[in-house]
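> Next up is a structure, given as structure tokens.
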Amino acid sequence: MSRKDSSRSRKRKAIDRHMASIGKKVHLKDLKYHWKIYFFIVPTIILISMFQYYPAASGIFHSFFRWNGSDISEYVGFRNYVRLFGNTDFWRSFELAFTLGIFNIVKMIPAFLVAVCLHRVRNEKLQFLYRVLFVIQMVIPGLVIVLIWRSFFFEATAGYLNKFIFSTGIFDVLVKMDQLFHWGGLFVSGQSPAWLGDPRLIISACIIWGFPWVGSFAVLNYLARLQSIPKEIYEAAEVDGASWLSKFTRIEFPLVLGSIKIMLVLVIIETIKDAGMILALAGIEGGPGGSATVPALFMLRKAFIDQDMGYACAVGIVLTGVVISLQKLSDLVTKWNDFSFSVRTAIRAVALVLALLTYLSGHFLSVAIALFFAAFPYGIFTYLATKIGELFTRASDSAAQREKQYRDSVLFDKCSGYALRLLKHLTICSVIALAFIPLYLMFIVSLKDNDQFYSNPAVLTAPLHWDNWAVAWKMITPCLANSVFISVTSTVATLGLALSASYFFARYQMPFSSFIWNAILILMMMPAIANLIPLFRLLRDLNLVNTLSALIIVGASSGQIFAIFVLRSFVEEIPKDLFEAAEIDGAGHFKQMMIIVLPLAGPILGTVGVMNFIGQWNDFVMPLIVIRDHARLPVMVQLLRMAGEYIKLWGPLMAGYAMASIPIIVLFILTMKLFTKGLTEGGVKG
């Protein structure tokens with residue numbers, strides 16, 4: 001067989017495998033034989049229609065009304081949008097959101113570098129230990145970390161951040177820069193910076209908190225992608241004499257670049273949609289003068305403080321439009337390599353023009369800078385640098401020089417190998433140590449009374465007040481039980497509904513299945529917080545306000561959107577021969593799902609389930625609005641209320657933070673292998 005025929009044969013087999021993985025198309029005339037499979041999607045349709053699409057439609061409708069959410073409703077047409085687009089505070093909130101998004105992209109760098117260092121650890125037991133240590137600090141609820149930073153680091157008189165900049169001399173440098181660049185007395189000699197009390201500094205506080213920024217699932221996500229790289233590639237690189245830097249620049253970074261590009265856009269989207277961390281750090285007013293107001297916080301303030309629900313709905317619609325546009329941008333980034341050179345050049349030109357116009361407008365400077373760097377043709381400089389390097393190499397190489405370079409490189413490898421390994425472990429340990437500082441403070445302070453805390457908060461002092469844990473247990477036990485019940489019930493419901501819906505989409509191509517699938521994809525692009533106002537009204541009309549059922553139902557309806565997207569790909573990968581054999585044995589759809597899909601879906605269900613559980617556990621914006629009765633509060637809302645009390649019992653407060661974090665830490669440690677396996681399988685398939 002010729003090479004051409006062999007290539008055609010391989011392509012034909014690949015096409016056959018792809019077609020076999022796609023569910024068989026069912027025509028309307030054959031619907032009577034397969035109509036029962038619709039029962040798998042009906043619960044999902046009901047939930048997303050009632051608690052996702054109806055609030056979105058209600059928000060669009062009421063955005064044209066002057067509406068207070070109850071008895072006052074007057075049609076005003078586009079007046080809310082006219083007021084909104086003329087509101088400088090609204091545009092300032094978007095400018096802040098984009099600025100925070102750009103800095104959040106910078107915060108991805110430590111997570112990626114740590115993931116590379118972890119990937120390079122050859123000892124499996126040591127790598128597992130490092131991963132466990134990262135998991136412990138990564139899965140602590142973000143609200144707890146924010147509250148610790150607010151209490152310990154940003155405090156003006158005795159905060160650790162001010163102590164650090166004073167002791168290291170950084171403050172003197174900041175004072176000189178203030179005088180040089182005319183910052184208007186932002187840093188004045190003899191005055192401690194008020195990070196959360198100064199409208200000019202609170203934005204910096206929103207950027208700084210969480211250092212060294214290895215939180216969330218970024219490290220494990222990058223690590224899973226790196227571990228999916230075939231070992232043969234590394235072996236071939238070692239045969240060619242590739243250095244550690246070459247492995248990073250030519251293997252690891254290029255193969256993970258696709259995931260990085262997507263995450264860049266997703267980070268900005270999540271920053272624009274999020275209001276929780278700013279709410280916890282600066283309050284619903286957005287700090288002094290509202291300086292730390294992001295669009296979602298602006299919307300909540302208009303709805304629940306100003307009682308201008310129609311105006312708030314208009315904010316939600318605009319926010320949805322911006323997020324969907326950014327989602328389309330992420331699609332553009334994903335398909336970038338598929339475009340021709342002329343199309344890519346045109347896109348770059350448009351981006352550069354937009355960057356220039358944005359800069360000249362005097363607003364959204366961070367967006368202008370981001371567009372400029374995104375559109376810059378870095379490939380040209382890389383190509384030129386490579387060619388120039390090759391010319392110099394050809395001009396200077398000789399046999400003696402090559403032999404000397406070989407001897408030098410061997411000697412260098414022997415001398416630097418231990419140094420590089422030491423540097424790798426020092427980097428990992430340093431990041432772990434910095435990330436564990438909030439945990440250390442939380443544990444130390446939980447054993448102090450207030451006098452010990454104010455005299456020496458960072459050092460363990462006798463006597464140890466273990467009774468603080470008993471006091472905290474009494475304070476948060478009902479709320480802890482509420483969070484466990486909400487998270488477990490919502491996660492189980494989400495996985496059950498999502499797996500059934502995924503079976504429906506992957507098993508057959510049913511009539512209207514494409515329409516339903518596209519409807520679910522649209523929901524992935526819609527920010528849930530944008531529909532929060534009409535959703536609250538719906539829950540009130542259904543008498544679900546101030547009930548745990550509201551949080552469970554809404555959590556299941558929103559959680560299954562992402563779960564369906566992930567699980568459908570997995571179910572499509574299951575060999576169709578298994579289903580056909582089950583059908584021959586007389587197994588119906590429900591039995592096929594139970595004996596085939598469910599046993600094989602363990603790792604991916606574990607991954608999605610853990611992510612959903614942690615998301616439900618950490619959520620506090622929705623419960624803060626829906627739950628009024630103290631006995632029904634989830635633990636995160638209770639912690640936020642305890643932190644806002646004027647007179648604080650620091651020991652019980654920190655013990656409460658620890659108790660709220662322990663269940664998540666234990667859960668993630670127990671399921672970490674399953675979680676990483678699910679991410680790795682997703683990376684291989686994707």
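Labels for the structure tokens follow display order: chains A, B, ..., residues from 1 in each chain, ligands from 1.
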Determine which residues of region 22-260 of chain A DSSP labels as alpha helix (DSSP H) from the backbone of this structure, then write them out as an MDAnalysis selection string.

chainID A and resid 31:34 42:48 54:62 79:85 88:106 108:120 124:138 142:148 160:167 170:181 202:208 218:227 231:239 244:247 253:260

> Using only C-alpha atoms, which residues of region 30-110 of chain A come within 12 Å of region 320-339 of chain A, and what is the closest atom pair for each, with the distance in Å to one decimal? Give it as a tab-separated table, sorted by chain and residue number.


residue	atom	partner	partner_atom	distance
A:Ala56	CA	A:Thr320	CA	9.7
A:Gly59	CA	A:Thr320	CA	10.9
A:Ile60	CA	A:Thr320	CA	10.7
A:Phe94	CA	A:Val322	CA	9.8
A:Ala97	CA	A:Val322	CA	11.6
A:Phe98	CA	A:Val322	CA	11.2

> Which is closest to Phe134 (chain A) among A:Ser189, A:Asn456, A:Ser487, A:Ser430, if we use only C-alpha atoms?

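Looking only at the distances to Phe134 (chain A), the closest residue turns out to be A:Ser430.
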
> Using only C-alpha atoms, which residue out of A:Met442, A:Val350, A:Met611, A:Ala556 lies closest to Gln52 (chain A)?

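Looking at the shortest contact to Gln52 (chain A), the residue is A:Ala556.
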
> Please report the interatomic distance between CA of Ile432 (chain A) and CA of Ala194 (chain A) in Å with one decimal.

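Distance reported for this atom pair: 28.1 Å.
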
> I'd like to know which of A:Ala631, A:Ile437, A:Val256, A:Met525 is closest to Asn221 (chain A), using only C-alpha atoms.

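Residue with the minimum atom-to-atom distance to Asn221 (chain A): A:Val256.
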
> When you count only C-alpha atoms, which of these residues is closest to Tyr503 (chain A): A:Ser167, A:Thr489, A:Gln592, A:Asn450?

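Distance minimum relative to Tyr503 (chain A) lands on A:Gln592.
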
> Smallest atom-to-atom distance to Val566 (chain A): which of A:Leu439, A:Leu226, A:Ala498, A:Leu578, using only C-alpha atoms?

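Distance minimum relative to Val566 (chain A) lands on A:Ala498.
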
> Find the spatial neighbours of region 277-292 of chain A, counting only C-alpha atoms, within a cut-off of 9 Å - ignore same-chain residues fewer than 3 positions away - and output them as a PyMOL selection string.

chain A and resi 89+92-93+96+142-143+146-147+149-150+196-200+202-203+205-206+274+297-298+300-301+621+640

> Just C-alpha atoms for this one: save the residues we selected as a compact mmCIF listing (two decimals), in the first residue's frame.


# COMPACT_ATOMS: atom_id res chain seq x y z
CA ASP A 89 -20.38 56.22 38.18
CA ARG A 92 -16.30 54.16 36.28
CA SER A 93 -17.46 50.82 37.70
CA LEU A 96 -12.53 49.46 37.61
CA GLY A 142 -12.25 33.07 49.43
CA LEU A 143 -14.47 35.00 51.83
CA VAL A 146 -10.69 38.33 52.30
CA LEU A 147 -11.87 38.79 55.88
CA TRP A 149 -6.76 40.33 54.96
CA ARG A 150 -9.29 42.98 55.97
CA LEU A 196 -9.49 50.58 53.17
CA GLY A 197 -10.25 54.11 54.39
CA ASP A 198 -8.66 56.14 51.60
CA PRO A 199 -10.59 56.22 48.30
CA ARG A 200 -7.28 56.39 46.43
CA ILE A 202 -8.76 50.95 48.32
CA ILE A 203 -8.29 49.95 44.67
CA ALA A 205 -6.09 46.86 48.40
CA CYS A 206 -8.48 45.09 46.00
CA ASP A 274 -18.17 39.07 40.47
CA LEU A 297 -22.12 46.00 43.09
CA PHE A 298 -23.50 49.11 41.39
CA LEU A 300 -27.12 45.66 43.85
CA ARG A 301 -26.89 49.11 45.40
CA VAL A 621 -24.20 36.94 47.78
CA LEU A 640 -19.62 37.98 57.24

> Can you pull out every residue within 8 Å of Leu371 (chain A), counting only C-alpha atoms, but drop anything in the same chain fewer than 6 positions away, and send it as a ChimeraX atom specification?

/A:351-352,354-355

> Can you spit out the residues from that selection as an mmCIF file, in the first residue's frame, using N, CA and C atoms?


data_model
loop_
_atom_site.group_PDB
_atom_site.id
_atom_site.type_symbol
_atom_site.label_atom_id
_atom_site.label_comp_id
_atom_site.auth_asym_id
_atom_site.auth_seq_id
_atom_site.Cartn_x
_atom_site.Cartn_y
_atom_site.Cartn_z
ATOM 1 N N ALA A 351 -8.018 45.864 16.481
ATOM 2 C CA ALA A 351 -7.730 45.952 17.919
ATOM 3 C C ALA A 351 -6.834 47.147 18.226
ATOM 4 N N LEU A 352 -5.836 47.399 17.373
ATOM 5 C CA LEU A 352 -4.951 48.543 17.588
ATOM 6 C C LEU A 352 -5.698 49.861 17.446
ATOM 7 N N LEU A 354 -8.938 50.293 17.996
ATOM 8 C CA LEU A 354 -9.773 50.401 19.189
ATOM 9 C C LEU A 354 -8.954 50.811 20.408
ATOM 10 N N ALA A 355 -7.728 50.281 20.500
ATOM 11 C CA ALA A 355 -6.857 50.665 21.612
ATOM 12 C C ALA A 355 -6.529 52.150 21.565
#

> Can you tell me, as JSON, numbers by chain, what residues are no more than 12 Å from His425 (chain A) when counting only C-alpha atoms, ignoring any on the same chain fewer than 4 positions away?

{"A": [114, 116, 117, 118, 119, 120, 121, 122, 123, 126, 127, 130, 418, 419, 420, 421, 429, 430, 431, 432]}

> Please save C-alpha atoms of the selected residues as an mmCIF file, in the first residue's frame.


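again.cif written:
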data_model
loop_
_atom_site.group_PDB
_atom_site.id
_atom_site.type_symbol
_atom_site.label_atom_id
_atom_site.label_comp_id
_atom_site.auth_asym_id
_atom_site.auth_seq_id
_atom_site.Cartn_x
_atom_site.Cartn_y
_atom_site.Cartn_z
ATOM 1 C CA VAL A 114 4.274 26.917 40.584
ATOM 2 C CA VAL A 116 5.576 23.980 36.249
ATOM 3 C CA CYS A 117 7.778 23.542 39.331
ATOM 4 C CA LEU A 118 5.405 20.907 40.721
ATOM 5 C CA HIS A 119 5.356 19.138 37.365
ATOM 6 C CA ARG A 120 9.177 19.005 37.382
ATOM 7 C CA VAL A 121 9.310 17.290 40.805
ATOM 8 C CA ARG A 122 10.356 13.729 39.982
ATOM 9 C CA ASN A 123 9.675 12.156 43.367
ATOM 10 C CA LEU A 126 7.151 14.573 47.428
ATOM 11 C CA GLN A 127 5.021 15.918 44.585
ATOM 12 C CA TYR A 130 3.392 19.545 47.804
ATOM 13 C CA TYR A 418 21.640 20.464 41.814
ATOM 14 C CA ALA A 419 21.280 24.250 41.905
ATOM 15 C CA LEU A 420 18.231 24.163 39.641
ATOM 16 C CA ARG A 421 16.589 21.429 41.690
ATOM 17 C CA CYS A 429 8.311 26.045 49.630
ATOM 18 C CA SER A 430 8.446 29.866 49.584
ATOM 19 C CA VAL A 431 5.088 30.146 47.863
ATOM 20 C CA ILE A 432 3.563 27.591 50.232
#

> Find the residue from A:Ala57, A:Val82, A:Ile140, A:Leu113 that sits nearest to Asn531 (chain A); use only C-alpha atoms when measuring.

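Of the candidates, the smallest distance to Asn531 (chain A) is held by A:Ala57.
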
> Give me the residues within 9 Å of Ala111 (chain A) as a PyMOL selection string, counting only C-alpha atoms and dropping any in the same chain fewer than 2 places off.

chain A and resi 107-109+113-116+212-215+218-220+222

> Need the shell around Met593 (chain A): protein/DNA/RNA residues with any atom at most 12 Å away, counting only C-alpha atoms. Skip same-chain ones fewer than 5 positions apart. Format as a list in words?

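Close residues of Met593 (chain A): Ile37, Phe40, Gly496, Leu499, Ser500, Ala501, Ser502, Tyr503, Phe504, Ala506, Arg507, Val571, Ile574, Leu578, Phe579, Ala582, Glu583, Ala587, Gly588, Leu598, Pro599, Leu600 and Ala601 of chain A.
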
> Can you write out the residues you just picked, keeping N, CA and C atoms, as a PDB file, in the first residue's frame?


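selection-v8.pdb written:
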ATOM      1  N   ILE A  37     -36.921   8.994  25.827  1.00  0.00           N
ATOM      2  CA  ILE A  37     -35.649   9.593  26.224  1.00  0.00           C
ATOM      3  C   ILE A  37     -35.814  11.068  26.598  1.00  0.00           C
ATOM      4  N   PHE A  40     -35.438  12.355  30.194  1.00  0.00           N
ATOM      5  CA  PHE A  40     -34.132  12.657  30.770  1.00  0.00           C
ATOM      6  C   PHE A  40     -33.837  14.159  30.756  1.00  0.00           C
ATOM      7  N   GLY A 496     -27.230  14.553  39.275  1.00  0.00           N
ATOM      8  CA  GLY A 496     -28.265  13.671  38.741  1.00  0.00           C
ATOM      9  C   GLY A 496     -28.930  14.245  37.506  1.00  0.00           C
ATOM     10  N   LEU A 499     -26.277  14.567  34.524  1.00  0.00           N
ATOM     11  CA  LEU A 499     -25.926  13.303  33.890  1.00  0.00           C
ATOM     12  C   LEU A 499     -27.068  12.806  33.007  1.00  0.00           C
ATOM     13  N   SER A 500     -28.306  12.966  33.461  1.00  0.00           N
ATOM     14  CA  SER A 500     -29.460  12.570  32.647  1.00  0.00           C
ATOM     15  C   SER A 500     -29.535  13.405  31.379  1.00  0.00           C
ATOM     16  N   ALA A 501     -29.350  14.722  31.516  1.00  0.00           N
ATOM     17  CA  ALA A 501     -29.392  15.594  30.341  1.00  0.00           C
ATOM     18  C   ALA A 501     -28.242  15.280  29.389  1.00  0.00           C
ATOM     19  N   SER A 502     -27.070  14.977  29.920  1.00  0.00           N
ATOM     20  CA  SER A 502     -25.926  14.646  29.071  1.00  0.00           C
ATOM     21  C   SER A 502     -26.183  13.365  28.287  1.00  0.00           C
ATOM     22  N   TYR A 503     -26.820  12.388  28.929  1.00  0.00           N
ATOM     23  CA  TYR A 503     -27.195  11.152  28.234  1.00  0.00           C
ATOM     24  C   TYR A 503     -28.150  11.463  27.090  1.00  0.00           C
ATOM     25  N   PHE A 504     -29.107  12.350  27.327  1.00  0.00           N
ATOM     26  CA  PHE A 504     -30.062  12.729  26.281  1.00  0.00           C
ATOM     27  C   PHE A 504     -29.338  13.322  25.079  1.00  0.00           C
ATOM     28  N   ALA A 506     -26.082  13.099  24.216  1.00  0.00           N
ATOM     29  CA  ALA A 506     -25.029  12.279  23.620  1.00  0.00           C
ATOM     30  C   ALA A 506     -25.550  11.003  22.979  1.00  0.00           C
ATOM     31  N   ARG A 507     -26.696  10.490  23.435  1.00  0.00           N
ATOM     32  CA  ARG A 507     -27.173   9.177  22.983  1.00  0.00           C
ATOM     33  C   ARG A 507     -27.771   9.248  21.582  1.00  0.00           C
ATOM     34  N   VAL A 571     -19.785  11.499  27.962  1.00  0.00           N
ATOM     35  CA  VAL A 571     -20.712  10.448  27.533  1.00  0.00           C
ATOM     36  C   VAL A 571     -20.519  10.154  26.045  1.00  0.00           C
ATOM     37  N   ILE A 574     -17.907   7.447  25.287  1.00  0.00           N
ATOM     38  CA  ILE A 574     -18.164   6.044  25.633  1.00  0.00           C
ATOM     39  C   ILE A 574     -18.442   5.262  24.348  1.00  0.00           C
ATOM     40  N   LEU A 578     -21.048  -0.608  23.597  1.00  0.00           N
ATOM     41  CA  LEU A 578     -21.577  -0.951  24.915  1.00  0.00           C
ATOM     42  C   LEU A 578     -23.087  -0.722  24.974  1.00  0.00           C
ATOM     43  N   PHE A 579     -23.532   0.402  24.405  1.00  0.00           N
ATOM     44  CA  PHE A 579     -24.967   0.689  24.397  1.00  0.00           C
ATOM     45  C   PHE A 579     -25.719  -0.310  23.513  1.00  0.00           C
ATOM     46  N   ALA A 582     -26.124  -3.540  25.301  1.00  0.00           N
ATOM     47  CA  ALA A 582     -27.146  -3.430  26.345  1.00  0.00           C
ATOM     48  C   ALA A 582     -28.549  -3.449  25.748  1.00  0.00           C
ATOM     49  N   GLU A 583     -28.713  -2.796  24.584  1.00  0.00           N
ATOM     50  CA  GLU A 583     -30.021  -2.798  23.923  1.00  0.00           C
ATOM     51  C   GLU A 583     -30.412  -4.213  23.492  1.00  0.00           C
ATOM     52  N   ALA A 587     -32.022  -3.839  27.709  1.00  0.00           N
ATOM     53  CA  ALA A 587     -31.892  -2.754  28.675  1.00  0.00           C
ATOM     54  C   ALA A 587     -32.471  -1.469  28.110  1.00  0.00           C
ATOM     55  N   GLY A 588     -33.296  -0.801  28.901  1.00  0.00           N
ATOM     56  CA  GLY A 588     -33.838   0.491  28.505  1.00  0.00           C
ATOM     57  C   GLY A 588     -32.835   1.603  28.771  1.00  0.00           C
ATOM     58  N   LEU A 598     -22.949   5.565  34.447  1.00  0.00           N
ATOM     59  CA  LEU A 598     -22.636   5.922  35.832  1.00  0.00           C
ATOM     60  C   LEU A 598     -21.335   5.296  36.334  1.00  0.00           C
ATOM     61  N   PRO A 599     -21.081   3.986  36.093  1.00  0.00           N
ATOM     62  CA  PRO A 599     -19.810   3.420  36.580  1.00  0.00           C
ATOM     63  C   PRO A 599     -18.577   4.033  35.921  1.00  0.00           C
ATOM     64  N   LEU A 600     -18.697   4.386  34.633  1.00  0.00           N
ATOM     65  CA  LEU A 600     -17.543   4.943  33.927  1.00  0.00           C
ATOM     66  C   LEU A 600     -17.314   6.416  34.236  1.00  0.00           C
ATOM     67  N   ALA A 601     -18.330   7.094  34.750  1.00  0.00           N
ATOM     68  CA  ALA A 601     -18.261   8.547  34.931  1.00  0.00           C
ATOM     69  C   ALA A 601     -17.748   8.961  36.298  1.00  0.00           C
TER      70      ALA A 601
END

> Rounded to one decimal in Å, what is the spacing between CA of Tyr359 (chain A) and CA of Gly101 (chain A)?

17.5 Å
